[in-house]
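K.L.:
Supplied structure: structure.cif, mmCIF, C-alpha atoms.
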```cif
data_work
loop_
_atom_site.label_atom_id
_atom_site.label_comp_id
_atom_site.auth_asym_id
_atom_site.auth_seq_id
_atom_site.Cartn_x
_atom_site.Cartn_y
_atom_site.Cartn_z
CA MET A 1 157.36 80.27 140.74
CA THR A 2 153.57 80.47 140.62
CA GLN A 3 151.95 79.13 137.47
CA THR A 4 148.34 79.78 136.49
CA THR A 5 146.17 77.95 134.02
CA THR A 6 142.52 77.56 133.06
CA ARG A 7 140.93 74.40 131.73
CA VAL A 8 137.67 72.50 131.42
CA LEU A 9 137.29 70.23 134.44
CA GLU A 10 136.80 66.49 134.04
CA PRO A 11 134.85 64.00 136.19
CA SER A 12 138.10 63.11 137.98
CA ASP A 13 138.27 66.71 139.26
CA LEU A 14 134.99 66.37 141.18
CA GLY A 15 136.51 66.32 144.66
CA ALA A 16 138.56 69.46 144.11
CA ALA A 17 135.60 71.25 142.51
CA LEU A 18 133.30 70.40 145.41
CA ALA A 19 135.90 71.69 147.87
CA VAL A 20 135.80 75.08 146.14
CA LEU A 21 132.00 75.09 145.90
CA GLU A 22 131.48 74.10 149.52
CA SER A 23 133.81 76.84 150.78
CA GLU A 24 130.89 79.26 150.24
CA PRO A 25 127.82 77.03 150.72
CA VAL A 26 125.16 79.75 150.55
CA ALA A 27 126.40 81.76 147.58
CA ASN A 28 127.23 78.60 145.62
CA ALA A 29 124.11 76.57 146.46
CA PHE A 30 122.70 76.64 142.93
CA VAL A 31 125.79 75.26 141.21
CA THR A 32 126.73 72.96 144.10
CA SER A 33 123.35 71.25 143.99
CA ARG A 34 123.73 70.57 140.27
CA VAL A 35 127.28 69.27 140.58
CA GLN A 36 126.37 66.97 143.48
CA ILE A 37 123.68 65.38 141.31
CA ALA A 38 125.31 65.41 137.88
CA GLY A 39 129.04 65.48 138.56
CA LEU A 40 131.25 67.28 136.05
CA ASP A 41 130.32 65.44 132.87
CA PRO A 42 129.12 68.25 130.54
CA TRP A 43 126.24 66.19 129.14
CA ARG A 44 124.78 65.49 132.57
CA LEU A 45 125.70 68.87 134.04
CA GLY A 46 124.22 70.83 131.16
CA GLY A 47 127.42 72.77 130.55
CA GLU A 48 131.15 72.91 131.17
CA MET A 49 132.86 73.69 134.46
CA TRP A 50 135.97 75.79 133.97
CA GLY A 51 138.68 75.70 136.60
CA TRP A 52 141.34 78.29 137.33
CA TYR A 53 144.53 76.96 138.91
CA THR A 54 147.37 78.77 140.61
CA GLY A 55 150.43 76.97 141.91
CA GLY A 56 148.85 73.70 140.84
CA HIS A 57 145.79 74.18 143.07
CA LEU A 58 142.20 74.71 141.92
CA ARG A 59 141.12 78.10 143.28
CA SER A 60 138.16 79.35 141.22
CA LEU A 61 135.40 77.96 139.01
CA CYS A 62 133.07 79.18 136.30
CA TYR A 63 129.98 77.26 135.20
CA SER A 64 129.28 77.74 131.49
CA GLY A 65 125.86 76.48 130.46
CA ALA A 66 122.50 78.19 130.12
CA ASN A 67 123.98 80.63 132.64
CA LEU A 68 127.56 81.82 133.00
CA VAL A 69 128.35 81.73 136.72
CA PRO A 70 131.68 82.81 138.30
CA ILE A 71 132.35 80.90 141.52
CA CYS A 72 134.83 81.99 144.21
CA ALA A 73 136.45 83.90 141.36
CA THR A 74 139.47 86.11 142.02
CA PRO A 75 140.11 89.08 139.69
CA GLU A 76 142.81 87.06 137.91
CA ALA A 77 140.44 84.13 137.49
CA VAL A 78 137.70 86.40 136.13
CA ARG A 79 140.07 87.70 133.46
CA ALA A 80 140.95 84.13 132.47
CA PHE A 81 137.28 83.11 132.36
CA ALA A 82 136.43 86.18 130.26
CA ASP A 83 139.14 85.25 127.75
CA ARG A 84 137.75 81.73 127.43
CA ALA A 85 134.16 83.00 127.15
CA ARG A 86 135.11 85.46 124.40
CA ARG A 87 136.81 82.71 122.40
CA ALA A 88 133.82 80.38 122.76
CA GLY A 89 131.22 83.04 121.94
CA ARG A 90 128.06 83.73 123.89
CA ARG A 91 125.96 80.62 124.43
CA CYS A 92 124.27 81.60 127.70
CA SER A 93 121.01 83.45 128.34
CA SER A 94 122.41 85.21 131.40
CA ILE A 95 125.47 85.91 133.52
CA VAL A 96 124.70 85.58 137.22
CA GLY A 97 126.72 85.36 140.41
CA PRO A 98 128.20 87.35 143.29
CA ALA A 99 128.04 91.03 142.38
CA GLY A 100 131.77 91.85 142.42
CA PRO A 101 133.12 89.09 140.14
CA THR A 102 130.03 89.21 137.92
CA ALA A 103 130.41 92.97 137.39
CA GLN A 104 134.07 92.51 136.46
CA LEU A 105 133.21 89.65 134.11
CA TRP A 106 130.54 91.74 132.38
CA ARG A 107 132.88 94.71 131.97
CA LEU A 108 135.29 92.44 130.11
CA LEU A 109 132.61 90.74 128.00
CA GLU A 110 130.30 93.67 127.26
CA PRO A 111 132.32 95.04 124.30
CA GLY A 112 131.85 91.77 122.45
CA TRP A 113 128.64 90.42 123.96
CA GLY A 114 126.66 93.59 124.60
CA PRO A 115 124.30 95.19 124.77
CA ALA A 116 122.41 93.20 127.39
CA ARG A 117 118.63 93.18 127.48
CA GLU A 118 118.79 94.09 131.16
CA VAL A 119 121.44 94.42 133.88
CA ARG A 120 120.44 93.96 137.51
CA ALA A 121 123.57 95.15 139.23
CA ASN A 122 122.48 94.77 142.86
CA GLN A 123 120.32 91.86 143.99
CA PRO A 124 120.59 91.50 147.77
CA LEU A 125 121.34 87.97 148.99
CA MET A 126 119.18 87.23 152.02
CA VAL A 127 119.72 84.42 154.53
CA THR A 128 118.11 82.99 157.64
CA GLU A 129 118.64 80.06 159.98
CA SER A 130 115.41 80.54 161.92
CA PRO A 131 111.93 81.95 161.24
CA SER A 132 110.62 85.11 162.82
CA ALA A 133 107.99 84.77 165.53
CA ASP A 134 106.25 87.88 164.18
CA VAL A 135 104.62 86.28 161.12
CA ALA A 136 102.47 83.17 161.40
CA PRO A 137 102.85 80.69 158.51
CA ASP A 138 99.83 80.36 156.22
CA PRO A 139 98.30 76.98 157.16
CA LEU A 140 96.87 76.64 153.63
CA VAL A 141 100.29 76.68 151.94
CA ARG A 142 101.29 73.08 151.25
CA ARG A 143 103.30 70.91 148.89
CA VAL A 144 101.86 70.80 145.38
CA ARG A 145 100.66 67.35 144.34
CA LYS A 146 101.72 65.72 141.09
CA ASP A 147 98.13 65.78 139.82
CA GLU A 148 98.08 69.60 140.25
CA MET A 149 100.68 70.28 137.57
CA ASP A 150 98.10 71.83 135.24
CA VAL A 151 96.89 74.10 138.03
CA LEU A 152 100.37 75.29 138.95
CA MET A 153 101.84 75.72 135.46
CA PRO A 154 100.00 78.96 134.50
CA ALA A 155 101.20 80.59 137.73
CA CYS A 156 104.78 79.49 137.03
CA VAL A 157 104.63 80.92 133.51
CA ALA A 158 103.19 84.20 134.82
CA MET A 159 105.91 84.46 137.49
CA PHE A 160 108.73 83.75 135.05
CA THR A 161 107.41 86.22 132.51
CA GLU A 162 107.05 88.96 135.13
CA GLU A 163 110.50 88.32 136.57
CA VAL A 164 112.57 87.72 133.44
CA GLY A 165 110.60 89.68 130.87
CA ILE A 166 110.33 86.74 128.43
CA SER A 167 107.87 83.84 128.50
CA PRO A 168 109.45 80.44 129.28
CA LEU A 169 107.23 79.04 126.52
CA VAL A 170 109.34 80.75 123.83
CA GLY A 171 111.65 78.50 121.83
CA ASP A 172 110.78 74.90 122.62
CA GLY A 173 107.18 75.62 123.59
CA GLY A 174 108.05 75.39 127.25
CA LEU A 175 109.10 71.74 127.30
CA LEU A 176 112.26 72.29 129.34
CA TYR A 177 110.52 74.68 131.72
CA GLN A 178 107.61 72.32 132.20
CA ALA A 179 110.04 69.50 132.92
CA ARG A 180 111.74 71.60 135.59
CA VAL A 181 108.40 72.47 137.22
CA ALA A 182 107.44 68.79 137.21
CA GLU A 183 110.82 67.87 138.71
CA LEU A 184 110.32 70.27 141.63
CA ILE A 185 106.78 69.01 142.24
CA GLY A 186 107.99 65.42 142.17
CA ALA A 187 110.77 66.23 144.64
CA GLY A 188 108.30 67.81 147.06
CA ARG A 189 109.90 71.24 146.71
CA SER A 190 106.99 73.13 145.12
CA PHE A 191 104.58 74.89 147.48
CA ALA A 192 101.34 76.78 146.94
CA ARG A 193 98.09 78.00 148.37
CA ILE A 194 95.39 76.83 145.96
CA GLU A 195 91.77 78.00 146.25
CA ASP A 196 88.97 76.90 143.91
CA GLY A 197 91.47 75.52 141.44
CA LYS A 198 93.52 78.72 141.30
CA VAL A 199 96.98 79.48 142.70
CA VAL A 200 96.91 82.33 145.22
CA PHE A 201 100.57 82.06 146.31
CA LYS A 202 103.46 79.87 145.18
CA ALA A 203 107.19 79.38 145.71
CA GLU A 204 109.74 76.64 145.20
CA ILE A 205 112.86 75.43 146.97
CA GLY A 206 115.11 75.34 143.92
CA ALA A 207 118.70 74.56 144.86
CA THR A 208 119.36 72.20 147.76
CA THR A 209 122.49 70.93 149.49
CA ALA A 210 123.10 69.54 152.96
CA GLN A 211 124.37 72.97 154.02
CA ALA A 212 121.92 75.40 152.41
CA CYS A 213 118.94 75.76 150.11
CA GLN A 214 117.52 78.57 148.00
CA ILE A 215 113.91 79.68 147.64
CA GLN A 216 112.86 80.88 144.20
CA GLY A 217 109.79 81.66 142.10
CA VAL A 218 107.88 83.56 144.77
CA TRP A 219 104.60 84.80 143.28
CA VAL A 220 101.17 86.03 144.36
CA ALA A 221 98.26 86.20 141.93
CA PRO A 222 97.65 89.88 141.03
CA GLU A 223 94.10 89.96 142.41
CA PHE A 224 95.36 88.74 145.80
CA ARG A 225 98.29 91.11 146.21
CA GLY A 226 98.42 93.56 149.10
CA ARG A 227 96.77 91.13 151.52
CA GLY A 228 99.89 89.73 153.18
CA HIS A 229 99.98 86.42 151.28
CA SER A 230 103.63 86.85 150.38
CA GLU A 231 104.65 87.11 154.05
CA THR A 232 102.51 84.31 155.46
CA GLY A 233 103.14 82.12 152.42
CA MET A 234 106.90 82.59 152.62
CA ALA A 235 106.81 81.94 156.36
CA ALA A 236 105.19 78.59 155.57
CA VAL A 237 107.75 77.68 152.90
CA LEU A 238 110.56 78.73 155.24
CA ARG A 239 109.20 76.42 157.93
CA TYR A 240 109.22 73.48 155.50
CA ALA A 241 112.71 74.34 154.23
CA LEU A 242 114.30 74.51 157.68
CA ALA A 243 112.53 71.39 158.92
CA ASP A 244 113.04 69.16 155.88
CA VAL A 245 115.81 70.48 153.65
CA ALA A 246 118.74 72.47 155.10
CA PRO A 247 119.81 74.49 158.16
CA ILE A 248 120.30 77.70 156.13
CA VAL A 249 117.74 79.15 153.73
CA SER A 250 118.59 81.84 151.20
CA LEU A 251 117.12 83.84 148.34
CA TYR A 252 118.06 86.86 146.30
CA VAL A 253 115.81 89.71 145.30
CA ASN A 254 116.00 92.79 143.09
CA ASP A 255 117.13 95.85 145.03
CA TYR A 256 114.26 97.94 143.66
CA ASN A 257 111.66 95.50 145.03
CA THR A 258 111.35 97.31 148.34
CA PRO A 259 108.08 95.64 149.44
CA ALA A 260 109.57 92.16 148.97
CA ARG A 261 112.75 93.04 150.85
CA LYS A 262 110.70 94.38 153.77
CA ALA A 263 108.48 91.30 153.75
CA TYR A 264 111.46 88.94 153.78
CA ARG A 265 113.05 90.84 156.66
CA ARG A 266 109.83 90.56 158.65
CA ILE A 267 109.84 86.78 158.35
CA GLY A 268 113.45 86.49 159.51
CA PHE A 269 115.77 87.04 156.52
CA ARG A 270 118.77 89.37 156.67
CA GLU A 271 120.89 90.72 153.83
CA THR A 272 124.41 89.26 153.76
CA GLY A 273 125.70 90.08 150.28
CA ALA A 274 124.61 90.80 146.74
CA PHE A 275 124.22 89.00 143.45
CA MET A 276 124.19 90.49 139.95
CA SER A 277 122.37 89.30 136.83
CA VAL A 278 122.97 90.21 133.19
CA LEU A 279 120.06 89.11 130.99
CA PHE A 280 120.31 88.63 127.21
#
```
Please lay out the structure from this file as C-alpha cells.
P.N.:
Amino acid sequence: MTQTTTRVLEPSDLGAALAVLESEPVANAFVTSRVQIAGLDPWRLGGEMWGWYTGGHLRSLCYSGANLVPICATPEAVRAFADRARRAGRRCSSIVGPAGPTAQLWRLLEPGWGPAREVRANQPLMVTESPSADVAPDPLVRRVRKDEMDVLMPACVAMFTEEVGISPLVGDGGLLYQARVAELIGAGRSFARIEDGKVVFKAEIGATTAQACQIQGVWVAPEFRGRGHSETGMAAVLRYALADVAPIVSLYVNDYNTPARKAYRRIGFRETGAFMSVLF
C-alpha cells in the first residue's frame, strides 16, 4: 500500500534532497546551489524545503522562501504543496519553476493568492555546452573588481527594475540586493564592459554547481543598444563560465524577447524547456 506525505525537511534529509535536486541539474541549478552552500536549515537557507514522499521515498521538493519553487514535482506533489502553501499564506514575492508544475501550482493558488502583478507563462530555458564560433567574445568584458561596486550598482538597479517592474531599492533601501551584488563580485561571477566609468554591458553567473551554472542579469545600457554588445558580451561571459565554472551553462528568457532569444542562439544556446514566473 502506497502512502504519501508532505513535511518540512530537516538537515538530516540533506542527502535525499540533493539526490532529487541533482536528478535535473540544469533546471534545478538555482535551488541546488543554495542547498549545497546552506544545507536545509531554514535560517541559513532563507526558507523552508518541503518534501513530498510516496512509499517512504522522497520524490519531489518545493522551496518556500522569497520565491516558491516546485522541484521535480509530480501533479500529486503539486497538489500537496499547494495545500501547504494555502495554509501558510503567501510569503513569497514570486512563484517560479518549470512551466508545467508551476502552472498547475498557480491554478491551485490563484483563487486565494491572486491576482498576480504579472504572469510570464513561457520563459524558454536555454542551454549550451560549447560556444559558437560565429560570435567573437568582447575582449573588453571582464570580471568586475571589488572597488567597482559603485560603478556597477546603478546598472544592476536599472536591469532589475526593467526586468521585474519594481526597483530593488524598495523596502529595505536595497540593502539585501546590494549585498547580493557584492557577493557575486566577490566570488568573481560578475562581468561587465566598463568605459569611462560607465557600464556598457553586464551579466552575472548567478547559480553554480559542479554540473551546471546559470547566467542572469544580462543588460546593455540603453544608449549602447543595437550595436551587438549583448552578443559579444554574452559570448565573453559564456567563455568564462565554461572555462571556470561548469560544463553546462543555462539561462531563461521571456518568450516575447525575440531579439534576445535570437542573440543567445547565435552564440550557441538552444532551447530545451520552459520556465514560468508569477510575480506579486
K.L.:
Taking a cut-off of 9 Å and counting only C-alpha atoms, can you build a table that, for each residue of stretch 51-157 of chain A near stretch 2-23 of chain A, reports the nearest atom pair and how far apart they are in Å (one decimal), sorted by chain then residue number, as a tab-separated table?
P.N.:
```
residue	atom	partner	partner_atom	distance
A:Gly51	CA	A:Arg7	CA	5.5
A:Trp52	CA	A:Thr6	CA	4.5
A:Tyr53	CA	A:Thr5	CA	5.3
A:Thr54	CA	A:Thr4	CA	4.4
A:Gly55	CA	A:Thr2	CA	4.9
A:Gly56	CA	A:Gln3	CA	7.1
A:His57	CA	A:Ala16	CA	8.7
A:Leu58	CA	A:Ala16	CA	6.8
A:Arg59	CA	A:Val20	CA	6.8
A:Ser60	CA	A:Val20	CA	6.9
A:Leu61	CA	A:Ala17	CA	7.6
A:Ile71	CA	A:Leu21	CA	7.3
A:Cys72	CA	A:Val20	CA	7.2
A:Ala77	CA	A:Thr6	CA	8.2
A:Ala80	CA	A:Thr6	CA	6.8
A:Phe81	CA	A:Thr6	CA	7.7
A:Arg84	CA	A:Thr6	CA	8.5
```
K.L.:
Which residue is closest to A:Val26? Choose from A:Phe280, A:Phe201, A:Trp113, A:Phe275 and count only C-alpha atoms.
P.N.:
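Selected residue with least distance to A:Val26: A:Phe275.
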K.L.:
Residues picked by the PyMOL selection byres ((chain A and resi 210) around 12) here, as a list of chain:residue names?
P.N.:
A:Glu22, A:Pro25, A:Val26, A:Ala29, A:Thr32, A:Ser33, A:Gln36, A:Ala207, A:Thr208, A:Thr209, A:Gln211, A:Ala212, A:Cys213, A:Gln214, A:Ala241, A:Leu242, A:Asp244, A:Val245, A:Ala246, A:Pro247, A:Ile248, A:Val249
K.L.:
Those same residues, written as an mmCIF file, in the coordinates of the input with C-alpha atoms?
P.N.:
```
data_model
loop_
_atom_site.group_PDB
_atom_site.id
_atom_site.type_symbol
_atom_site.label_atom_id
_atom_site.label_comp_id
_atom_site.auth_asym_id
_atom_site.auth_seq_id
_atom_site.Cartn_x
_atom_site.Cartn_y
_atom_site.Cartn_z
ATOM 1 C CA GLU A 22 131.480 74.100 149.520
ATOM 2 C CA PRO A 25 127.820 77.030 150.720
ATOM 3 C CA VAL A 26 125.160 79.750 150.550
ATOM 4 C CA ALA A 29 124.110 76.570 146.460
ATOM 5 C CA THR A 32 126.730 72.960 144.100
ATOM 6 C CA SER A 33 123.350 71.250 143.990
ATOM 7 C CA GLN A 36 126.370 66.970 143.480
ATOM 8 C CA ALA A 207 118.700 74.560 144.860
ATOM 9 C CA THR A 208 119.360 72.200 147.760
ATOM 10 C CA THR A 209 122.490 70.930 149.490
ATOM 11 C CA GLN A 211 124.370 72.970 154.020
ATOM 12 C CA ALA A 212 121.920 75.400 152.410
ATOM 13 C CA CYS A 213 118.940 75.760 150.110
ATOM 14 C CA GLN A 214 117.520 78.570 148.000
ATOM 15 C CA ALA A 241 112.710 74.340 154.230
ATOM 16 C CA LEU A 242 114.300 74.510 157.680
ATOM 17 C CA ASP A 244 113.040 69.160 155.880
ATOM 18 C CA VAL A 245 115.810 70.480 153.650
ATOM 19 C CA ALA A 246 118.740 72.470 155.100
ATOM 20 C CA PRO A 247 119.810 74.490 158.160
ATOM 21 C CA ILE A 248 120.300 77.700 156.130
ATOM 22 C CA VAL A 249 117.740 79.150 153.730
#
```
K.L.:
Taking the file as shown, find all residues satisfying the PyMOL selection byres ((chain A and resi 266) around 10) and write them as an mmCIF file with C-alpha atoms, in the frame of the given file.
P.N.:
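Writing done, so here's expr-v4.cif:
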```
data_model
loop_
_atom_site.group_PDB
_atom_site.id
_atom_site.type_symbol
_atom_site.label_atom_id
_atom_site.label_comp_id
_atom_site.auth_asym_id
_atom_site.auth_seq_id
_atom_site.Cartn_x
_atom_site.Cartn_y
_atom_site.Cartn_z
ATOM 1 C CA PRO A 131 111.930 81.950 161.240
ATOM 2 C CA SER A 132 110.620 85.110 162.820
ATOM 3 C CA ALA A 133 107.990 84.770 165.530
ATOM 4 C CA ASP A 134 106.250 87.880 164.180
ATOM 5 C CA VAL A 135 104.620 86.280 161.120
ATOM 6 C CA GLU A 231 104.650 87.110 154.050
ATOM 7 C CA ALA A 235 106.810 81.940 156.360
ATOM 8 C CA ALA A 260 109.570 92.160 148.970
ATOM 9 C CA ARG A 261 112.750 93.040 150.850
ATOM 10 C CA LYS A 262 110.700 94.380 153.770
ATOM 11 C CA ALA A 263 108.480 91.300 153.750
ATOM 12 C CA TYR A 264 111.460 88.940 153.780
ATOM 13 C CA ARG A 265 113.050 90.840 156.660
ATOM 14 C CA ILE A 267 109.840 86.780 158.350
ATOM 15 C CA GLY A 268 113.450 86.490 159.510
ATOM 16 C CA PHE A 269 115.770 87.040 156.520
ATOM 17 C CA ARG A 270 118.770 89.370 156.670
#
```
K.L.:
Using the chain letters and numbering of this document, enumerate as a PyMOL selection string the residues selected by the PyMOL selection byres ((chain A and resi 277) around 12).
P.N.:
chain A and resi 67-70+93-103+105-106+116-124+163-164+252-255+274-276+278-280
K.L.:
Rounded to one decimal place, report the atom CA of A:Val141-atom CA of A:Glu162 distance in Å.
P.N.:
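These atoms are spaced 21.9 Å apart.
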K.L.:
Using only C-alpha atoms, pick whichever of A:Arg142, A:Arg86, A:Arg44, A:Arg180 has the shortest atom-to-atom distance to A:Glu195.
P.N.:
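So, comparing all the options, the nearest one is A:Arg142.
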K.L.:
Which value, in Å to one decimal, gives the distance between atom CA of A:Gly186 and atom CA of A:Lys146?
P.N.:
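Atom CA of A:Lys146 lies at a distance of 6.4 Å from atom CA of A:Gly186.
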K.L.:
For the point (127.2, 71.1, 126.0) in file coordinates, what residues are within 12 Å, counting only C-alpha atoms? Give the answer as a ChimeraX atom specification?
P.N.:
/A:8,40-49,63-66,88,91-92
K.L.:
Would you mind exporting the chosen residues as a compact mmCIF listing (two decimals), keeping the file's coordinate frame, restricted to C-alpha atoms?
P.N.:
```txt
# COMPACT_ATOMS: atom_id res chain seq x y z
CA VAL A 8 137.67 72.50 131.42
CA LEU A 40 131.25 67.28 136.05
CA ASP A 41 130.32 65.44 132.87
CA PRO A 42 129.12 68.25 130.54
CA TRP A 43 126.24 66.19 129.14
CA ARG A 44 124.78 65.49 132.57
CA LEU A 45 125.70 68.87 134.04
CA GLY A 46 124.22 70.83 131.16
CA GLY A 47 127.42 72.77 130.55
CA GLU A 48 131.15 72.91 131.17
CA MET A 49 132.86 73.69 134.46
CA TYR A 63 129.98 77.26 135.20
CA SER A 64 129.28 77.74 131.49
CA GLY A 65 125.86 76.48 130.46
CA ALA A 66 122.50 78.19 130.12
CA ALA A 88 133.82 80.38 122.76
CA ARG A 91 125.96 80.62 124.43
CA CYS A 92 124.27 81.60 127.70
```
